[in-house]
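First the structure, in the form of structure tokens, and then the observations on it.
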Amino acid sequence: MIKPIKTIEGGISQAELTSQFHQSLACFVESFPKPEVSERGSQSELKTLLGSGEFEQLLLSLLRLDVYSEGFSEFHADEHWLDAISPLRRLRTILSMTLGVAFTELAIVIQTIDENKGRLWMDFAHQLAKSDSSECQVAQFLKTTSKAESYNRLFDSLEVDQPHSIYPTSAYRESAGHVVSSKNDHRVEAVMTSKTYTSIKVTENVLEVGSTDLSEIYSPLNRCVALVDTNVEEHFGKQLEAYFEHHDIPLVKLIYRAMEVDKGIQTVERMLGDFKQLGVSRNEPVLIVGGGVLCDTGGLACALFHRNTPYIMLSTSIVAGIDAGPSPRTCCDGFGYKNLFGSYHAPVLSITDRTFFSTLEKGWVRHGISEVIKMATVKDIGLFELLEEAGPALVDTKFGNENCEKGSRITQLSQQIVASSMRSYVEAEYDNLYETHQCRPHAYGHTWSPGFEIPAGLLHGHAISIGMGFGAFLSWREKWIKQEEMRRILNLIASFDLSLWHPILDNEEILWAAQEKMVQKRGGNLAAPLPKGKIGRCGYLNELSRDNLFAAIQAYKQFCKDFPREGLGIEPLCKDVGLEDPATVAESNLVNV
């Protein structure tokens with residue numbers, strides 16, 4: 001007899017429960033070594049499979065898992081098991097899945113255990129997807145088996161004890177809470193928590209037909225709704241279509257121009273209208289293919305649609321690939337203010353593929369490297385050393401995509417730099433998903449730069465490189481790092497021809513207004529991230545008077561004169577790389593908040 005979940009004895013660690021699940025899975029696979037389903041989807045074949053004692057034990061062991069726990073993650077924390085984590089987390093909602101989706105996810109897990117057996121189960125999943133039974137929910141089908149009575153009792157129990165298992169909104173989130181109240185209920189105090197998960201992949205050639213990163217997600221859903229940047233459509237549109245056509249997945253492309261001037265609420269409203277017209281489901285991940293602006297606006301549209309629609313981010317720029325893409329901070333401009341509207345809504349999968357960087361102009365590559373330097377300086381000395389070794393060749397080869405041989409040292413360095421940047425960023429960002437505190441190392445270079453980036457017409461990467469250079473100089477003045485370490489940081493920035501200085505820093509009103517606004521944004525604290533102790537570590541400067549700020553600025557200006565072009569970067573302005581100068585776009589009148 002199937003025991004209700006609430007009767008399961010406590011005190012068992014998630015590592016033990018996870019081990020029990022894998023034992024049940026192995027037993028299930030051994031019992032059905034070559035699963036098959038007829039073209040018409042024979043009910044008897046499926047009832048034998050799902051009505052078996054082996055499937056019963058597999059299901060119960062799966063429902064016992066806390067897929068958000070550290071114990072579950074640590075069990076799978078080696079290279080062999082990592083690919084199983086994401087499908088297992090989705091399988092936690094197996095009862096609400098259709099049979100086609102459920103067995104596709106299960107086949108992915110089996111492949112991590114045994115590639116040959118996994119291939120057989122994937123073939124079975126594909127057969128099932130083409131059958132009449134494919135769209136039947138697992139829970140619905142279980143009620144037709146010989147164990148229907150026991151399963152009905154289980155489902156009744158789950159409605160009370162584990163509602164996320166029986167009627168989930170999507171497979172990617174869980175929430176909980178508790179309340180206390182006065183005797184007359186006139187006073188209630190509540191605590192609410194939310195758990196979500198995401199996957200991050202650094203890969204290459206994701207749109208080649210042999211890649212399954214996207215097809216495994218969208219094949220069982222039988223379509224893909226994609227937001228696509230116009231520039232991406234020009235360079236990769238045909239390849240995107242060919243990929244989904246090869247995998248027999250209907251593709252619906254929604255093509256949007258994604259420049260800074262397009263980053264308004266009207267763009268988000270158009271996306272919402274498209275989603276509504278297409279009937280996008282709350283458990284159907286939208287695919288976003290583009291750079292930072294499309295990531296911000298598309299992510300916000302997904303956050304607003306149904307109040308929470310999942311999305312997958314396929315980043316095509318360096319800034320998106322290692323920063324904006326996996327970021328939970330989605331936003332758009334409004335009422336003349338930059339990023340005024342927004343939501344914390346992380347993608348359920350973020351894919352970074354450096355081969356997309358091959359179409360970027362060198363000015364865009366240089367600008368993107370700033371975000372890598374940011375994480376290296378305050379989070380990862382190993383990454384810092386990789387950047388020093390690679391040097392300007394990162395720009396010249398566009399991260400190992402041009403003018404270099406396959407397998408060359410610069411290609412190896414490029415691969416590792418992208419991967420280490422992503423890991424460092426995610427470690428910092430996801431530990432503070434909703435910005436509930438301001439100990440945020442990834443804000444290095446972003447304290448004063450939001451105030452002068454737009455009026456100076458600077459590219460974002462050059463604005464934050466100035467902020468990072470000045471921050472390192474401040475850290476030395478505060479005696480937080482040694483002079484040779486400060487010089488090493490500035491030398492790295494300068495080696496990529498990024499800006500250390502711009503004349504706008506002479507404007508005291510702009511700089512002080514930037515600091516005041518940042519204090520407001522950071523909840524009454526300056527909390528300026530700076531390297532502290534040594535490169536690769538971070539501290540936070542919280543007090544800096546107006547007089548001390550401008551004394552430091554003037555000293556920094558003199559210090560920068562020893563660098564090429566007295567600290568000025570190459571192609572530092574938006575107009576230098578073919579963009580509209582944001583300082584002269586009167587219609588936008590953007591002000592950072």
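By order in the structure tokens, chains are A, B, ...; within a chain, residues start at 1; ligands start at 1, following the order shown.
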*Residues near A:Phe32, cut-off 9 Å, only C-alpha atoms, skip fewer than 4 positions along chain, as an MDAnalysis selection string*: chainID A and resid 27:28 49
_Long-range neighbours of stretch 254-257 of chain A as an MDAnalysis selection string, 8 Å cut-off, only C-alpha atoms, 4 positions minimum in chain_ = chainID A and resid 225:231 233 262 274 294
Just-selected residues, C-alpha atoms written as a PDB file, in the first residue's frame:
```
ATOM      1  CA  VAL A 225       8.415  31.159 -28.137  1.00  0.00           C
ATOM      2  CA  ALA A 226      11.552  33.279 -28.571  1.00  0.00           C
ATOM      3  CA  LEU A 227      12.310  36.972 -28.128  1.00  0.00           C
ATOM      4  CA  VAL A 228      15.126  37.752 -30.567  1.00  0.00           C
ATOM      5  CA  ASP A 229      17.280  40.891 -30.878  1.00  0.00           C
ATOM      6  CA  THR A 230      17.217  42.387 -34.398  1.00  0.00           C
ATOM      7  CA  ASN A 231      21.026  42.272 -34.594  1.00  0.00           C
ATOM      8  CA  GLU A 233      18.350  37.898 -36.147  1.00  0.00           C
ATOM      9  CA  ASP A 262      14.078  51.088 -26.812  1.00  0.00           C
ATOM     10  CA  ASP A 274       2.602  39.104 -27.868  1.00  0.00           C
ATOM     11  CA  LEU A 294      16.645  42.518 -24.381  1.00  0.00           C
TER      12      LEU A 294
END
```
Please report as a Markdown table every residue of stretch 425-461 of chain A lying within 10 Å of stretch 536-541 of chain A, along with the nearest atom pair and their distance in Å (one decimal), using only C-alpha atoms.
```
| residue | atom | partner | partner_atom | distance |
| --- | --- | --- | --- | --- |
| A:Gln438 | CA | A:Tyr540 | CA | 9.0 |
| A:Cys439 | CA | A:Tyr540 | CA | 7.2 |
| A:Arg440 | CA | A:Tyr540 | CA | 8.9 |
| A:Pro441 | CA | A:Cys538 | CA | 6.3 |
| A:His442 | CA | A:Cys538 | CA | 9.7 |
| A:Tyr444 | CA | A:Cys538 | CA | 8.9 |
```
*Hey, which of A:Ile504, A:Leu340, A:Cys404, A:Ala84 ends up closest to A:Lys557? Count only C-alpha atoms.*
A:Ile504
_Would you compute the distance between atom CA of A:Glu115 and atom CA of A:Val29? Give it in Å to one decimal._
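These atoms are spaced 12.4 Å apart.
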*asked:* I want to know what sits within 6 Å of A:Pro328, based on only C-alpha atoms, with residues of the same chain fewer than 4 positions away left out; could you give that as a ChimeraX atom specification?
replied: /A:344-346
*Spatial neighbours of A:Phe384, max dist 12 Å, only C-alpha atoms, sep filter under 3 positions, as an MDAnalysis selection string*: chainID A and resid 369:381 387:391 413 416:417 420:421 424 485 488:489 491:493 534:537
_Test item, helix (DSSP H, G or I) assignment across stretch 10-233 of chain A, answer as a VMD selection string_ = chain A and resid 14 to 31 43 to 50 53 to 63 70 to 75 82 to 91 94 to 96 99 to 113 115 to 129 138 to 142 148 to 161 163 to 166 215 to 218 230 to 233
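For A:Ile110, the list of residues within 12 Å, based on only C-alpha atoms and with local chain neighbours fewer than 5 positions off taken out, reads His22, Gln23, Ser24, Leu25, Ala26, Cys27, Phe28, Val29, Glu30, Pro33, His80, Trp81, Asp83, Ala84, Ile85, Pro87, Leu88, Phe103, Thr104, Glu105, Glu115, Asn116, Lys117, Gly118, Arg119, Leu120, Trp121, Met122 and Ala125 of chain A.
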Which residues of stretch 170-224 of chain A come within 12 Å of stretch 288-292 of chain A, and what is each one's closest atom pair and distance in Å (one decimal), counting only C-alpha atoms, sorted by chain and residue number, as JSON lines?
```
{"residue": "A:Val206", "atom": "CA", "partner": "A:Val289", "partner_atom": "CA", "distance": 11.7}
{"residue": "A:Leu207", "atom": "CA", "partner": "A:Val289", "partner_atom": "CA", "distance": 11.3}
{"residue": "A:Leu214", "atom": "CA", "partner": "A:Ile288", "partner_atom": "CA", "distance": 11.7}
{"residue": "A:Cys224", "atom": "CA", "partner": "A:Ile288", "partner_atom": "CA", "distance": 10.4}
```
Could you please take those selected residues and save N, CA, C and O atoms as a short mmCIF file (atom, residue, chain, number, x, y, z; two decimals), in the first residue's frame?
```cif
data_model
loop_
_atom_site.label_atom_id
_atom_site.label_comp_id
_atom_site.auth_asym_id
_atom_site.auth_seq_id
_atom_site.Cartn_x
_atom_site.Cartn_y
_atom_site.Cartn_z
N VAL A 206 26.01 26.38 -29.31
CA VAL A 206 24.74 25.91 -28.78
C VAL A 206 23.68 25.76 -29.87
O VAL A 206 22.72 24.99 -29.71
N LEU A 207 23.84 26.47 -31.00
CA LEU A 207 22.86 26.38 -32.07
C LEU A 207 23.22 25.35 -33.14
O LEU A 207 22.52 25.22 -34.14
N LEU A 214 18.99 23.20 -25.74
CA LEU A 214 17.67 23.80 -25.93
C LEU A 214 16.61 22.77 -26.32
O LEU A 214 15.46 22.85 -25.88
N CYS A 224 8.59 26.55 -29.15
CA CYS A 224 9.45 27.51 -28.46
C CYS A 224 9.03 28.91 -28.88
O CYS A 224 9.02 29.23 -30.07
#
```
*May I have the residues within 6 Å of stretch 452-469 of chain A as JSON, numbers by chain, using only C-alpha atoms and disregarding those fewer than 5 positions away in the same chain?*
{"A": [367, 368, 370, 445, 446, 490, 498, 499, 500, 501, 572, 573, 574, 581, 582, 583]}
Every residue of stretch 196-434 of chain A that DSSP places in strand (DSSP E), as a tab-separated table (two decimals) with N, CA and C atoms, in the first residue's frame:
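Printed below is result_32.tsv as written:
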```tsv
chain	number	residue	atom	x	y	z
A	196	THR	N	13.73	29.37	-5.32
A	196	THR	CA	13.75	29.22	-6.77
A	196	THR	C	15.08	28.62	-7.15
A	199	SER	N	19.84	27.25	-13.57
A	199	SER	CA	21.02	26.56	-14.07
A	199	SER	C	21.81	27.52	-14.94
A	200	ILE	N	23.12	27.41	-14.88
A	200	ILE	CA	24.01	28.26	-15.69
A	200	ILE	C	24.93	27.35	-16.48
A	201	LYS	N	25.00	27.56	-17.77
A	201	LYS	CA	25.87	26.75	-18.61
A	201	LYS	C	26.78	27.65	-19.43
A	202	VAL	N	28.07	27.33	-19.41
A	202	VAL	CA	29.03	27.96	-20.30
A	202	VAL	C	29.38	26.89	-21.34
A	203	THR	N	29.00	27.13	-22.56
A	203	THR	CA	29.15	26.10	-23.59
A	203	THR	C	29.56	26.76	-24.90
A	224	CYS	N	8.59	26.55	-29.15
A	224	CYS	CA	9.45	27.51	-28.46
A	224	CYS	C	9.03	28.91	-28.88
A	225	VAL	N	8.68	29.74	-27.90
A	225	VAL	CA	8.42	31.16	-28.14
A	225	VAL	C	9.69	31.92	-27.79
A	226	ALA	N	10.24	32.65	-28.76
A	226	ALA	CA	11.55	33.28	-28.57
A	226	ALA	C	11.50	34.78	-28.84
A	227	LEU	N	12.05	35.56	-27.90
A	227	LEU	CA	12.31	36.97	-28.13
A	227	LEU	C	13.72	37.08	-28.71
A	228	VAL	N	13.85	37.72	-29.86
A	228	VAL	CA	15.13	37.75	-30.57
A	228	VAL	C	15.50	39.19	-30.90
A	229	ASP	N	16.73	39.57	-30.56
A	229	ASP	CA	17.28	40.89	-30.88
A	229	ASP	C	17.42	41.01	-32.40
A	251	LEU	N	8.93	26.89	-33.92
A	251	LEU	CA	9.57	28.08	-33.37
A	251	LEU	C	8.75	29.31	-33.72
A	252	VAL	N	8.43	30.11	-32.69
A	252	VAL	CA	7.75	31.39	-32.90
A	252	VAL	C	8.72	32.49	-32.50
A	253	LYS	N	9.18	33.26	-33.50
A	253	LYS	CA	10.15	34.33	-33.23
A	253	LYS	C	9.44	35.67	-33.09
A	254	LEU	N	9.74	36.36	-31.98
A	254	LEU	CA	9.26	37.73	-31.76
A	254	LEU	C	10.50	38.62	-31.81
A	255	ILE	N	10.65	39.37	-32.88
A	255	ILE	CA	11.90	40.11	-33.12
A	255	ILE	C	11.75	41.55	-32.64
A	256	TYR	N	12.67	41.96	-31.79
A	256	TYR	CA	12.64	43.29	-31.19
A	256	TYR	C	13.99	43.99	-31.35
A	286	VAL	N	9.98	31.08	-21.84
A	286	VAL	CA	10.24	31.88	-23.03
A	286	VAL	C	11.75	31.88	-23.26
A	287	LEU	N	12.17	31.83	-24.51
A	287	LEU	CA	13.59	31.90	-24.85
A	287	LEU	C	13.93	33.33	-25.24
A	288	ILE	N	14.93	33.93	-24.58
A	288	ILE	CA	15.40	35.27	-24.90
A	288	ILE	C	16.79	35.16	-25.51
A	289	VAL	N	16.95	35.65	-26.73
A	289	VAL	CA	18.22	35.55	-27.45
A	289	VAL	C	18.71	36.95	-27.76
A	290	GLY	N	19.70	37.42	-27.02
A	290	GLY	CA	20.19	38.78	-27.25
A	290	GLY	C	21.14	39.24	-26.17
A	311	TYR	N	11.80	31.98	-17.97
A	311	TYR	CA	12.46	32.26	-19.24
A	311	TYR	C	13.87	31.70	-19.22
A	312	ILE	N	14.39	31.45	-20.41
A	312	ILE	CA	15.75	30.97	-20.62
A	312	ILE	C	16.52	32.07	-21.34
A	313	MET	N	17.70	32.40	-20.84
A	313	MET	CA	18.50	33.47	-21.43
A	313	MET	C	19.66	32.89	-22.23
A	314	LEU	N	19.65	33.13	-23.54
A	314	LEU	CA	20.78	32.78	-24.40
A	314	LEU	C	21.49	34.08	-24.75
A	315	SER	N	22.59	34.34	-24.05
A	315	SER	CA	23.27	35.63	-24.14
A	315	SER	C	24.17	35.68	-25.36
A	329	ARG	N	17.96	40.73	-11.79
A	329	ARG	CA	17.44	42.10	-11.82
A	329	ARG	C	16.98	42.45	-13.23
A	330	THR	N	15.67	42.39	-13.46
A	330	THR	CA	15.09	42.76	-14.75
A	330	THR	C	14.49	44.16	-14.63
A	331	CYS	N	14.45	44.91	-15.74
A	331	CYS	CA	14.05	46.31	-15.59
A	331	CYS	C	13.78	46.96	-16.94
A	332	CYS	N	13.20	48.17	-16.86
A	332	CYS	CA	13.09	49.04	-18.02
A	332	CYS	C	13.06	50.49	-17.52
A	333	ASP	N	13.23	51.42	-18.45
A	333	ASP	CA	13.21	52.83	-18.10
A	333	ASP	C	11.77	53.33	-18.06
A	334	GLY	N	11.55	54.44	-17.35
A	334	GLY	CA	10.20	54.99	-17.30
A	334	GLY	C	10.18	56.38	-16.69
A	337	TYR	N	13.42	58.19	-16.20
A	337	TYR	CA	14.41	57.64	-15.29
A	337	TYR	C	14.89	56.27	-15.78
A	338	LYS	N	16.17	56.03	-15.62
A	338	LYS	CA	16.77	54.77	-16.05
A	338	LYS	C	16.46	53.66	-15.04
A	339	ASN	N	15.99	52.52	-15.56
A	339	ASN	CA	15.72	51.34	-14.73
A	339	ASN	C	14.75	51.62	-13.58
A	340	LEU	N	13.78	52.48	-13.82
A	340	LEU	CA	12.84	52.84	-12.76
A	340	LEU	C	11.92	51.67	-12.40
A	341	PHE	N	11.46	50.94	-13.44
A	341	PHE	CA	10.57	49.81	-13.20
A	341	PHE	C	11.38	48.52	-13.24
A	342	GLY	N	11.07	47.59	-12.36
A	342	GLY	CA	11.82	46.35	-12.39
A	342	GLY	C	11.27	45.29	-11.48
A	343	SER	N	11.87	44.13	-11.57
A	343	SER	CA	11.47	43.00	-10.74
A	343	SER	C	12.67	42.08	-10.59
A	344	TYR	N	12.71	41.33	-9.49
A	344	TYR	CA	13.74	40.32	-9.31
A	344	TYR	C	13.20	39.01	-9.86
A	349	LEU	N	17.32	29.12	-16.80
A	349	LEU	CA	18.53	28.63	-17.43
A	349	LEU	C	19.21	29.79	-18.13
A	350	SER	N	20.50	29.96	-17.88
A	350	SER	CA	21.28	31.01	-18.55
A	350	SER	C	22.43	30.34	-19.28
A	351	ILE	N	22.51	30.58	-20.59
A	351	ILE	CA	23.53	29.95	-21.43
A	351	ILE	C	24.46	31.03	-21.98
A	352	THR	N	25.75	30.84	-21.76
A	352	THR	CA	26.75	31.74	-22.33
A	352	THR	C	27.60	30.95	-23.33
A	353	ASP	N	27.65	31.43	-24.55
A	353	ASP	CA	28.37	30.78	-25.65
A	353	ASP	C	29.27	31.84	-26.29
```
